[in-house]
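Okay, target.cif is below, mmCIF, C-alpha atoms:
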data_work
loop_
_atom_site.label_atom_id
_atom_site.label_comp_id
_atom_site.auth_asym_id
_atom_site.auth_seq_id
_atom_site.Cartn_x
_atom_site.Cartn_y
_atom_site.Cartn_z
CA MET A 1 41.35 221.90 -232.66
CA ALA A 2 39.51 223.54 -229.76
CA LEU A 3 35.98 222.42 -229.14
CA THR A 4 33.28 225.04 -228.98
CA PRO A 5 31.53 224.80 -225.61
CA ALA A 6 27.89 223.79 -225.78
CA ALA A 7 25.42 226.60 -225.36
CA PRO A 8 23.64 226.53 -222.01
CA ALA A 9 20.19 224.99 -222.08
CA VAL A 10 17.44 227.55 -222.42
CA ASP A 11 14.10 227.00 -220.72
CA PRO A 12 11.14 226.85 -223.10
CA PRO A 13 8.82 229.87 -222.98
CA GLY A 14 6.50 229.82 -220.00
CA LEU A 15 8.45 227.30 -217.91
CA ALA A 16 9.85 229.92 -215.53
CA ALA A 17 6.36 231.23 -214.78
CA ARG A 18 5.08 227.70 -214.12
CA ARG A 19 8.05 226.93 -211.89
CA ILE A 20 7.47 230.06 -209.81
CA ALA A 21 3.74 229.34 -209.61
CA ALA A 22 4.53 225.81 -208.43
CA ASP A 23 6.93 227.20 -205.79
CA ILE A 24 4.27 229.58 -204.50
CA ILE A 25 1.59 226.88 -204.39
CA ASP A 26 4.01 224.67 -202.45
CA GLY A 27 4.63 227.64 -200.15
CA VAL A 28 0.94 227.81 -199.31
CA LEU A 29 0.17 224.09 -199.10
CA ARG A 30 3.41 222.69 -197.65
CA ARG A 31 4.94 225.61 -195.72
CA HIS A 32 1.75 227.52 -194.81
CA ARG A 33 3.01 230.82 -196.18
CA PRO A 34 0.31 233.39 -197.02
CA LEU A 35 -0.16 234.05 -200.71
CA ASP A 36 0.15 237.84 -200.49
CA GLU A 37 3.47 237.46 -198.71
CA GLN A 38 4.85 235.41 -201.61
CA LEU A 39 3.56 237.72 -204.35
CA ASP A 40 4.46 241.19 -203.05
CA GLY A 41 6.96 243.00 -200.88
CA LYS A 42 10.30 241.98 -199.47
CA SER A 43 9.24 238.36 -198.90
CA ALA A 44 8.01 237.81 -202.46
CA HIS A 45 9.39 234.94 -204.54
CA PRO A 46 12.92 236.04 -205.47
CA ASP A 47 12.51 235.30 -209.19
CA LEU A 48 9.10 236.88 -209.65
CA ALA A 49 10.30 240.44 -210.27
CA ALA A 50 12.58 239.32 -213.12
CA LEU A 51 9.66 237.99 -215.18
CA PRO A 52 8.01 240.10 -217.89
CA GLU A 53 4.71 241.61 -216.76
CA ARG A 54 2.72 239.14 -218.85
CA ASP A 55 4.39 236.20 -217.13
CA ARG A 56 3.93 237.74 -213.67
CA ALA A 57 0.22 238.00 -214.43
CA LEU A 58 0.24 234.36 -215.54
CA VAL A 59 1.82 233.32 -212.23
CA ARG A 60 -0.97 235.05 -210.30
CA VAL A 61 -3.68 233.49 -212.44
CA LEU A 62 -2.17 230.01 -212.17
CA VAL A 63 -1.80 230.18 -208.40
CA ALA A 64 -5.28 231.61 -207.85
CA SER A 65 -6.88 229.04 -210.17
CA VAL A 66 -5.26 226.13 -208.35
CA LEU A 67 -6.12 227.42 -204.88
CA ARG A 68 -9.71 228.36 -205.78
CA ARG A 69 -10.39 224.92 -207.23
CA LEU A 70 -8.04 222.85 -205.08
CA GLY A 71 -10.71 220.50 -203.75
CA THR A 72 -12.08 219.82 -207.22
CA LEU A 73 -8.59 219.29 -208.67
CA ARG A 74 -7.58 216.86 -205.94
CA HIS A 75 -10.84 214.95 -206.33
CA LEU A 76 -10.26 214.65 -210.07
CA LEU A 77 -6.65 213.55 -209.67
CA ARG A 78 -7.62 210.90 -207.10
CA HIS A 79 -10.06 209.57 -209.68
CA LEU A 80 -7.32 209.38 -212.30
CA LEU A 81 -4.52 208.10 -210.07
CA ASP A 82 -5.03 204.54 -208.90
CA ARG A 83 -2.66 204.93 -205.97
CA GLY A 84 -2.72 208.69 -205.52
CA ALA A 85 0.13 211.15 -206.01
CA PRO A 86 3.49 209.97 -204.62
CA ALA A 87 3.63 211.13 -201.00
CA ASP A 88 7.42 211.48 -200.97
CA THR A 89 7.56 213.93 -203.88
CA PRO A 90 5.15 216.86 -203.39
CA ARG A 91 6.31 218.44 -206.65
CA VAL A 92 4.49 215.70 -208.57
CA GLU A 93 1.12 216.73 -207.15
CA THR A 94 1.92 220.42 -207.69
CA ALA A 95 2.84 219.81 -211.34
CA LEU A 96 -0.41 217.90 -211.81
CA LEU A 97 -2.42 220.68 -210.17
CA VAL A 98 -0.82 223.39 -212.33
CA GLY A 99 -1.22 221.35 -215.50
CA ALA A 100 -4.82 220.32 -214.83
CA ALA A 101 -5.90 223.87 -213.90
CA GLN A 102 -4.60 225.14 -217.25
CA ILE A 103 -6.32 222.38 -219.21
CA LEU A 104 -9.68 222.82 -217.49
CA TRP A 105 -10.02 226.57 -216.98
CA LEU A 106 -7.31 228.64 -218.66
CA GLU A 107 -6.80 229.52 -222.29
CA VAL A 108 -3.59 227.52 -222.63
CA PRO A 109 -3.11 224.92 -225.40
CA ASP A 110 -3.48 221.46 -223.91
CA HIS A 111 -0.18 220.24 -225.34
CA ALA A 112 1.68 223.16 -223.76
CA ALA A 113 0.05 222.58 -220.38
CA VAL A 114 1.05 218.90 -220.45
CA ASP A 115 4.57 219.48 -221.75
CA LEU A 116 5.43 222.20 -219.24
CA ALA A 117 4.05 220.18 -216.32
CA VAL A 118 6.26 217.27 -217.37
CA ARG A 119 9.24 219.62 -217.49
CA LEU A 120 8.43 220.82 -213.97
CA CYS A 121 8.84 217.23 -212.81
CA GLN A 122 12.00 216.69 -214.79
CA ALA A 123 13.56 219.75 -213.15
CA ASP A 124 13.07 218.26 -209.67
CA ARG A 125 15.56 215.58 -208.68
CA ARG A 126 13.07 213.58 -206.63
CA ALA A 127 10.17 213.96 -209.06
CA THR A 128 11.90 213.35 -212.38
CA ARG A 129 11.19 209.62 -212.35
CA TYR A 130 7.44 210.41 -212.29
CA ALA A 131 7.51 212.53 -215.45
CA GLY A 132 5.85 209.73 -217.43
CA LEU A 133 3.09 209.43 -214.84
CA VAL A 134 2.40 213.18 -215.01
CA ASN A 135 2.29 213.02 -218.80
CA ALA A 136 -0.19 210.11 -218.77
CA VAL A 137 -2.49 211.59 -216.11
CA LEU A 138 -2.69 215.00 -217.74
CA ARG A 139 -3.48 213.44 -221.10
CA ARG A 140 -6.40 211.76 -219.37
CA VAL A 141 -7.42 215.15 -217.98
CA VAL A 142 -7.48 216.45 -221.56
CA ARG A 143 -9.75 213.57 -222.62
CA GLU A 144 -11.94 213.11 -219.54
CA GLY A 145 -11.60 216.19 -217.34
CA ALA A 146 -14.47 218.28 -218.73
CA GLN A 147 -16.91 215.40 -218.34
CA CYS A 148 -15.70 214.70 -214.81
CA LEU A 149 -16.39 218.31 -213.84
CA THR A 150 -20.06 217.93 -214.76
CA GLU A 151 -20.35 215.09 -212.25
CA VAL A 152 -18.95 216.82 -209.14
CA ASP A 153 -20.18 219.48 -206.73
CA SER A 154 -17.26 221.90 -206.97
CA PRO A 155 -18.40 224.53 -204.42
CA THR A 156 -18.49 221.97 -201.63
CA LEU A 157 -15.30 220.22 -202.76
CA ASP A 158 -13.44 223.53 -202.83
CA THR A 159 -14.42 224.41 -199.26
CA PRO A 160 -12.90 222.52 -196.31
CA ASP A 161 -15.54 220.41 -194.54
CA TRP A 162 -15.17 222.20 -191.20
CA LEU A 163 -15.68 225.60 -192.79
CA LEU A 164 -18.69 224.62 -194.87
CA ALA A 165 -20.30 223.01 -191.82
CA ARG A 166 -19.92 226.30 -189.95
CA TRP A 167 -21.61 228.26 -192.73
CA VAL A 168 -24.46 225.77 -192.90
CA LYS A 169 -24.99 226.20 -189.16
CA SER A 170 -24.84 230.01 -189.32
CA TYR A 171 -26.63 230.74 -192.61
CA GLY A 172 -28.42 227.58 -193.74
CA SER A 173 -27.52 225.10 -196.47
CA GLU A 174 -28.66 227.18 -199.44
CA THR A 175 -26.78 230.32 -198.41
CA ALA A 176 -23.70 228.32 -197.42
CA ARG A 177 -23.57 226.82 -200.91
CA ALA A 178 -24.04 230.26 -202.44
CA ILE A 179 -21.12 231.59 -200.38
CA ALA A 180 -18.93 228.68 -201.47
CA ALA A 181 -19.89 229.19 -205.12
CA ALA A 182 -19.12 232.93 -204.93
CA ASN A 183 -15.69 232.17 -203.49
CA GLY A 184 -14.88 230.12 -206.59
CA ARG A 185 -15.23 233.08 -208.95
CA GLU A 186 -12.55 235.66 -209.64
CA PRO A 187 -13.79 239.07 -208.47
CA ALA A 188 -13.48 242.43 -210.15
CA LEU A 189 -11.45 245.29 -208.66
CA ASP A 190 -13.24 247.57 -206.19
CA LEU A 191 -12.07 251.14 -205.68
CA SER A 192 -12.84 253.92 -203.23
CA VAL A 193 -12.56 257.29 -204.94
CA LYS A 194 -11.97 260.73 -203.47
CA SER A 195 -14.63 262.30 -205.67
CA ASP A 196 -16.64 261.90 -208.89
CA PRO A 197 -17.14 258.12 -208.90
CA GLU A 198 -19.08 258.31 -212.18
CA HIS A 199 -16.05 259.79 -213.93
CA TRP A 200 -13.72 257.08 -212.67
CA ALA A 201 -16.19 254.32 -213.47
CA THR A 202 -16.24 255.58 -217.06
CA ALA A 203 -12.47 256.01 -217.22
CA LEU A 204 -11.88 252.45 -215.99
CA GLY A 205 -14.70 250.82 -217.92
CA GLY A 206 -16.61 249.89 -214.77
CA ARG A 207 -19.67 250.96 -212.85
CA VAL A 208 -20.62 252.69 -209.62
CA LEU A 209 -22.08 250.29 -207.05
CA PRO A 210 -25.06 251.30 -204.91
CA THR A 211 -22.66 251.71 -201.98
CA GLY A 212 -20.60 254.33 -203.86
CA SER A 213 -17.59 252.15 -204.67
CA VAL A 214 -16.37 251.81 -208.25
CA ARG A 215 -16.11 248.27 -209.61
CA ALA A 216 -14.21 247.40 -212.79
CA VAL A 217 -12.68 244.42 -214.54
CA VAL A 218 -9.20 245.71 -215.25
CA HIS A 219 -6.23 244.39 -217.17
CA GLY A 220 -2.61 245.14 -216.38
CA PRO A 221 -0.85 246.34 -213.22
CA VAL A 222 -2.93 248.50 -210.89
CA PRO A 223 -0.26 251.26 -210.63
CA GLN A 224 -0.55 251.78 -214.38
CA LEU A 225 -4.31 252.42 -214.34
CA PRO A 226 -5.65 255.95 -214.88
CA GLY A 227 -5.90 257.91 -211.66
CA PHE A 228 -3.58 255.75 -209.54
CA GLY A 229 -0.53 257.97 -209.86
CA ASP A 230 -2.66 261.07 -209.26
CA GLY A 231 -4.00 259.66 -206.01
CA ALA A 232 -7.60 259.75 -207.21
CA TRP A 233 -8.54 256.37 -205.71
CA TRP A 234 -7.37 253.37 -203.76
CA VAL A 235 -8.18 249.67 -203.91
CA GLN A 236 -10.75 248.64 -201.29
CA ASP A 237 -13.51 246.06 -201.43
CA ALA A 238 -16.97 247.61 -201.45
CA ALA A 239 -17.91 245.89 -198.19
CA ALA A 240 -14.73 247.04 -196.48
CA ALA A 241 -15.57 250.62 -197.44
CA LEU A 242 -18.84 250.62 -195.46
CA PRO A 243 -17.72 250.66 -191.78
CA ALA A 244 -15.91 254.01 -192.01
CA LYS A 245 -19.04 255.55 -193.52
CA PHE A 246 -21.07 254.49 -190.49
CA LEU A 247 -19.04 256.90 -188.33
CA CYS A 248 -20.66 259.73 -190.30
CA SER A 249 -23.97 258.99 -188.63
CA LYS A 250 -26.64 261.48 -187.72
CA LEU A 251 -25.04 261.55 -184.28
CA LEU A 252 -21.66 262.75 -185.53
CA GLY A 253 -22.90 264.64 -188.56
CA ASP A 254 -19.96 266.19 -190.38
CA ILE A 255 -16.90 264.24 -189.28
CA SER A 256 -14.57 267.02 -190.44
CA GLY A 257 -12.27 268.06 -187.60
CA ARG A 258 -13.36 265.23 -185.31
CA THR A 259 -10.72 263.03 -183.69
CA VAL A 260 -10.85 259.42 -184.87
CA ALA A 261 -8.65 256.48 -183.89
CA ASP A 262 -8.30 253.80 -186.57
CA LEU A 263 -7.05 250.70 -184.76
CA CYS A 264 -5.28 247.86 -186.60
CA ALA A 265 -5.28 250.33 -189.47
CA ALA A 266 -2.88 248.94 -192.10
CA PRO A 267 -2.92 248.85 -195.09
CA GLY A 268 -4.97 252.01 -194.63
CA GLY A 269 -8.10 251.97 -196.75
CA LYS A 270 -10.29 253.11 -193.87
CA THR A 271 -7.72 255.65 -192.71
CA ALA A 272 -7.78 257.14 -196.20
CA GLN A 273 -11.58 257.30 -196.16
CA LEU A 274 -11.65 259.09 -192.82
CA ALA A 275 -8.86 261.49 -193.77
CA ALA A 276 -10.59 262.29 -197.07
CA MET A 277 -13.71 263.22 -195.07
CA GLY A 278 -11.63 265.69 -193.05
CA ALA A 279 -11.25 263.74 -189.79
CA GLN A 280 -8.17 264.08 -187.62
CA VAL A 281 -7.11 260.45 -187.83
CA THR A 282 -4.65 258.57 -185.67
CA ALA A 283 -3.82 255.28 -187.40
CA VAL A 284 -2.48 252.56 -185.10
CA ASP A 285 -0.89 249.29 -186.17
CA ARG A 286 1.57 246.99 -184.46
CA ALA A 287 3.49 246.05 -187.65
CA PRO A 288 6.00 248.75 -188.67
CA ALA A 289 6.28 247.39 -192.24
CA ARG A 290 2.52 247.52 -192.74
CA LEU A 291 2.42 250.98 -191.20
CA GLU A 292 5.04 252.15 -193.68
CA ARG A 293 2.85 250.88 -196.50
CA LEU A 294 -0.02 252.89 -195.01
CA ARG A 295 2.14 256.02 -195.02
CA GLN A 296 3.08 255.44 -198.64
CA ASN A 297 -0.58 255.07 -199.59
CA LEU A 298 -1.47 258.30 -197.79
CA ALA A 299 1.39 260.13 -199.50
CA ARG A 300 0.20 258.99 -202.94
CA LEU A 301 -3.32 260.10 -202.08
CA ALA A 302 -2.12 263.46 -200.66
CA LEU A 303 -3.89 262.73 -197.38
CA THR A 304 -2.58 263.15 -193.85
CA ALA A 305 -2.95 261.16 -190.65
CA GLU A 306 -0.90 260.59 -187.54
CA THR A 307 0.59 257.08 -187.52
CA VAL A 308 1.53 255.12 -184.41
CA ALA A 309 3.32 251.78 -184.22
CA ALA A 310 1.77 250.14 -181.17
CA ASP A 311 -0.26 247.20 -179.91
CA ALA A 312 -3.81 248.56 -180.03
CA ALA A 313 -4.84 246.31 -177.13
CA GLN A 314 -2.45 248.21 -174.84
CA TRP A 315 -2.23 251.63 -176.48
CA GLN A 316 -2.88 254.60 -174.16
CA ALA A 317 -4.29 257.76 -175.78
CA GLY A 318 -7.42 259.74 -176.38
CA PRO A 319 -10.24 259.71 -175.68
CA PHE A 320 -11.53 260.15 -179.24
CA ASP A 321 -14.76 261.34 -180.78
CA ALA A 322 -14.88 258.07 -182.69
CA VAL A 323 -12.97 254.80 -182.80
CA LEU A 324 -12.88 252.35 -185.70
CA LEU A 325 -11.58 248.87 -184.94
CA ASP A 326 -11.07 246.50 -187.88
CA ALA A 327 -9.88 243.60 -185.78
CA PRO A 328 -7.52 240.83 -186.91
CA CYS A 329 -9.64 237.80 -187.74
CA SER A 330 -9.81 234.53 -189.64
CA SER A 331 -10.65 236.49 -192.84
CA THR A 332 -13.10 233.84 -193.98
CA GLY A 333 -15.17 236.56 -195.63
CA THR A 334 -12.37 237.43 -198.07
CA ILE A 335 -11.74 234.03 -199.67
CA ARG A 336 -12.91 235.27 -203.09
CA ARG A 337 -9.91 237.65 -203.08
CA HIS A 338 -7.58 235.50 -200.98
CA PRO A 339 -8.02 231.87 -202.10
CA ASP A 340 -5.23 230.63 -199.83
CA ILE A 341 -7.26 231.28 -196.67
CA PRO A 342 -9.22 227.97 -196.62
CA TRP A 343 -5.97 226.04 -196.84
CA LEU A 344 -4.06 228.10 -194.23
CA LYS A 345 -6.69 228.50 -191.51
CA ARG A 346 -7.82 225.94 -188.96
CA GLU A 347 -11.00 225.91 -186.89
CA ALA A 348 -8.92 226.27 -183.73
CA ASP A 349 -7.66 229.64 -185.01
CA ILE A 350 -11.10 231.19 -184.52
CA ALA A 351 -11.16 230.80 -180.73
CA ALA A 352 -7.64 232.24 -180.41
CA LEU A 353 -8.56 235.21 -182.58
CA ALA A 354 -11.78 235.79 -180.66
CA SER A 355 -9.76 236.11 -177.47
CA LEU A 356 -7.63 238.82 -179.11
CA GLN A 357 -10.75 240.55 -180.47
CA ARG A 358 -12.29 240.74 -176.99
CA ARG A 359 -9.19 242.48 -175.66
CA LEU A 360 -9.09 244.89 -178.60
CA ILE A 361 -12.75 245.91 -178.44
CA ALA A 362 -12.53 246.45 -174.68
CA ARG A 363 -9.62 248.82 -175.23
CA ALA A 364 -11.41 250.53 -178.13
CA ALA A 365 -14.39 251.20 -175.87
CA GLU A 366 -12.10 252.82 -173.30
CA LEU A 367 -10.64 255.08 -176.01
CA THR A 368 -14.10 256.38 -176.97
CA LYS A 369 -15.35 259.65 -175.44
CA PRO A 370 -18.69 259.78 -173.62
CA GLY A 371 -21.19 260.37 -176.39
CA GLY A 372 -18.67 259.11 -178.94
CA VAL A 373 -19.10 256.31 -181.45
CA LEU A 374 -17.26 252.99 -181.76
CA VAL A 375 -17.48 250.89 -184.92
CA TYR A 376 -16.22 247.31 -184.62
CA CYS A 377 -15.76 245.24 -187.77
CA THR A 378 -14.14 242.08 -189.06
CA CYS A 379 -13.89 240.43 -192.48
CA SER A 380 -14.97 237.11 -190.97
CA LEU A 381 -18.16 235.11 -191.57
CA GLU A 382 -17.88 233.46 -188.15
CA PRO A 383 -20.27 234.61 -185.39
CA GLU A 384 -17.60 234.13 -182.70
CA GLU A 385 -15.63 236.95 -184.32
CA GLY A 386 -18.56 239.30 -184.89
CA VAL A 387 -21.95 239.28 -183.24
CA ASP A 388 -20.71 237.29 -180.23
CA ILE A 389 -17.87 239.77 -179.58
CA VAL A 390 -20.26 242.73 -179.63
CA GLY A 391 -22.91 240.93 -177.59
CA ASN A 392 -20.41 240.09 -174.85
CA LEU A 393 -19.10 243.66 -174.78
CA LEU A 394 -22.61 245.11 -174.40
CA SER A 395 -23.45 242.60 -171.65
CA ASP A 396 -20.35 243.58 -169.71
CA ASN A 397 -20.60 247.35 -170.28
CA PRO A 398 -23.91 249.04 -169.40
CA GLY A 399 -22.32 252.34 -170.47
CA LEU A 400 -22.42 251.22 -174.11
CA CYS A 401 -25.39 250.81 -176.40
CA ARG A 402 -25.91 249.70 -179.98
CA LEU A 403 -26.67 252.35 -182.62
CA PRO A 404 -28.46 250.34 -185.30
CA ILE A 405 -27.41 250.94 -188.90
CA SER A 406 -30.38 251.96 -191.01
CA ALA A 407 -31.34 250.63 -194.42
CA GLY A 408 -30.79 254.13 -195.78
CA GLU A 409 -27.13 253.94 -194.79
CA VAL A 410 -26.71 250.93 -197.06
CA GLN A 411 -28.73 252.52 -199.87
CA GLY A 412 -31.84 250.52 -199.11
CA HIS A 413 -30.16 247.11 -199.24
CA ALA A 414 -31.79 245.77 -196.09
CA GLU A 415 -30.46 242.28 -196.87
CA LEU A 416 -27.07 243.59 -195.70
CA LEU A 417 -28.36 244.17 -192.15
CA THR A 418 -29.08 241.86 -189.22
CA PRO A 419 -32.31 242.16 -187.18
CA ASP A 420 -30.30 244.07 -184.55
CA GLY A 421 -29.12 246.62 -187.12
CA ASP A 422 -25.55 245.38 -187.61
CA LEU A 423 -23.93 245.04 -191.02
CA ARG A 424 -23.55 241.49 -192.36
CA THR A 425 -22.44 241.23 -195.98
CA LEU A 426 -21.92 237.89 -197.69
CA PRO A 427 -19.84 236.94 -200.75
CA CYS A 428 -23.07 235.97 -202.53
CA HIS A 429 -24.67 239.41 -202.10
CA PHE A 430 -25.00 241.77 -205.08
CA PRO A 431 -25.63 239.08 -207.75
CA ASP A 432 -24.89 240.05 -211.34
CA PRO A 433 -25.19 238.28 -214.73
CA ASP A 434 -21.46 238.90 -215.14
CA SER A 435 -20.02 236.80 -212.32
CA ARG A 436 -16.89 238.97 -212.19
CA MET A 437 -19.04 241.97 -211.24
CA ALA A 438 -20.97 240.14 -208.52
CA GLY A 439 -20.38 239.68 -204.83
CA LEU A 440 -18.94 241.40 -201.79
CA ASP A 441 -16.43 240.41 -199.17
CA GLY A 442 -18.06 238.92 -196.12
CA PHE A 443 -18.01 241.70 -193.52
CA TYR A 444 -19.52 242.24 -190.10
CA ALA A 445 -19.79 245.67 -188.47
CA ALA A 446 -21.60 247.00 -185.43
CA ARG A 447 -21.92 250.66 -184.37
CA LEU A 448 -21.93 251.42 -180.66
CA GLN A 449 -22.14 254.57 -178.55
CA ARG A 450 -20.62 255.33 -175.18
CA ILE A 451 -23.51 256.76 -173.21
#

Please lay out the structure from this file as structure tokens.
Amino acid sequence: MALTPAAPAVDPPGLAARRIAADIIDGVLRRHRPLDEQLDGKSAHPDLAALPERDRALVRVLVASVLRRLGTLRHLLRHLLDRGAPADTPRVETALLVGAAQILWLEVPDHAAVDLAVRLCQADRRATRYAGLVNAVLRRVVREGAQCLTEVDSPTLDTPDWLLARWVKSYGSETARAIAAANGREPALDLSVKSDPEHWATALGGRVLPTGSVRAVVHGPVPQLPGFGDGAWWVQDAAAALPAKFLCSKLLGDISGRTVADLCAAPGGKTAQLAAMGAQVTAVDRAPARLERLRQNLARLALTAETVAADAAQWQAGPFDAVLLDAPCSSTGTIRRHPDIPWLKREADIAALASLQRRLIARAAELTKPGGVLVYCTCSLEPEEGVDIVGNLLSDNPGLCRLPISAGEVQGHAELLTPDGDLRTLPCHFPDPDSRMAGLDGFYAARLQRI
């Protein structure tokens, strides 16, 4: 009598999402791979696309929760582990991080969080012998974790020491803590709209910010939201939307028909803004793949711009009526949206990036016509990548001068401006009783004129 083959084992619901989340967390912490790279595009986790939409959303929430609260989680686990997580099996720590984040902050039944974390260990050959340890520790998290959280200073734990020390030096202790706290909260979605922001705020259940951006707490994939397919808006943090607006100064007036170079332009939010205002935009980026994404965004929005794949530091063209340079930087102002940044960046990166920024801004100045305007910006909180870059350029170039940004250009929010009239937004700006609706990316921008 023939034996019926055993049915293949079927993973319990939710295990695949936890496994992929654990892989992505390991990618950030062990292999230093950027989070966006693992979630989207050709380099995304190979199994992510096969998940149902609900599970893909769960992966994103799990990964973001662990990375936002990594310092707190590791502190808690050290308290509960007498000898720490086994150093030779990184999957044990990852399983503990994923399990503890669900127990403490996500609406997941405790028993499911514990069980699935144990199964993550059992599925790894080197970690399987620690499954009992993971089970015991997470059960202690269920019993003791909430109380432990009341006894720790999470904003400082969740910020690397070197980075927090920098913010204390630049902004003072109170503001540095406020920045760190803002980075620990999940932000809403900010949109730049072609027209009628009030309509789109209503359609998306959000509000219009004083800066003109629409902010909404949305559910589901962005491409399925009203207006996306029609090209009515694009995703862009409210702070990131400000520098392009500064080109429309009293000096330039109507930017329609003016020639504008957008350097380091991808993914294209600022290019879209300038094109929507009628400028003749040349968008330059050295990464062909990112430039292709920019073209796709422009096509969806029914906007046009010339695109050039080139190193902006060496690009020969122009001169232009205006130049916008959003320089590559440490991105420490965008941690609230990119929680992997504190764990990928090192303090030494800032000096290397500043060297690149000096070359880029020097070239941008050369591309600007006499009488033309140059706006330099970065999404960094570090002075070496912002005010120091502009100060050095002005010292070395008597043919350039600063055009201070007025309070009226930021709708009266003078707290967004430095004494010299540069833009300096912080993640703790724009407080709101609903924490999801609060905050801005940390941005620096200066507006200069070639005399």

Handout entry: Residue nearest A:Gly318 among A:Lys369, A:His32, A:His45, A:Arg126 (counting only C-alpha atoms)
Key =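 Smallest separation from A:Gly318 among the options: A:Lys369.
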
Within 9 Å of A:Asp158 using only C-alpha atoms, minus same-chain residues under 2 positions, as a PDB file with C-alpha atoms, in the frame of the given file:
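New file result-v5.pdb:
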ATOM      1  CA  LEU A  67      -6.120 227.420-204.880  1.00  0.00           C
ATOM      2  CA  ARG A  68      -9.710 228.360-205.780  1.00  0.00           C
ATOM      3  CA  ARG A  69     -10.390 224.920-207.230  1.00  0.00           C
ATOM      4  CA  LEU A  70      -8.040 222.850-205.080  1.00  0.00           C
ATOM      5  CA  GLY A  71     -10.710 220.500-203.750  1.00  0.00           C
ATOM      6  CA  THR A  72     -12.080 219.820-207.220  1.00  0.00           C
ATOM      7  CA  LEU A  73      -8.590 219.290-208.670  1.00  0.00           C
ATOM      8  CA  ASP A 153     -20.180 219.480-206.730  1.00  0.00           C
ATOM      9  CA  SER A 154     -17.260 221.900-206.970  1.00  0.00           C
ATOM     10  CA  PRO A 155     -18.400 224.530-204.420  1.00  0.00           C
ATOM     11  CA  THR A 156     -18.490 221.970-201.630  1.00  0.00           C
ATOM     12  CA  PRO A 160     -12.900 222.520-196.310  1.00  0.00           C
ATOM     13  CA  ALA A 180     -18.930 228.680-201.470  1.00  0.00           C
ATOM     14  CA  ALA A 181     -19.890 229.190-205.120  1.00  0.00           C
ATOM     15  CA  ASN A 183     -15.690 232.170-203.490  1.00  0.00           C
ATOM     16  CA  GLY A 184     -14.880 230.120-206.590  1.00  0.00           C
ATOM     17  CA  PRO A 342      -9.220 227.970-196.620  1.00  0.00           C
TER      18      PRO A 342
END

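Near A:Leu77, within a cut-off of 9 Å and counting only C-alpha atoms, sit the residues Thr72, Leu73, Arg74, Leu80, Leu81, Gly84, Ala85, Glu93, Leu96, Leu97, Ala100, Val137 and Val141 of chain A, with same-chain residues fewer than 3 positions away left out.
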
Exercise for the section: Check the smallest atom-to-atom distance from each of A:Ala21, A:Ala279, A:Val193, A:Ala232 to A:Cys248 using all atoms listed in the file, then report the winner. Expected result: A:Ala279

Problem - Ground truth for the PyMOL selection byres ((chain A and resi 256) around 10), written as number ranges by chain - result: A: 248, 252-255, 257-259, 274-280

Exercise for the section: Quick one: pull the distance between atom CA of A:Cys264 and atom CA of A:Cys401, Å, one decimal. Expected result: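 So the two atoms, atom CA of A:Cys264 and atom CA of A:Cys401, lie 22.7 Å apart.
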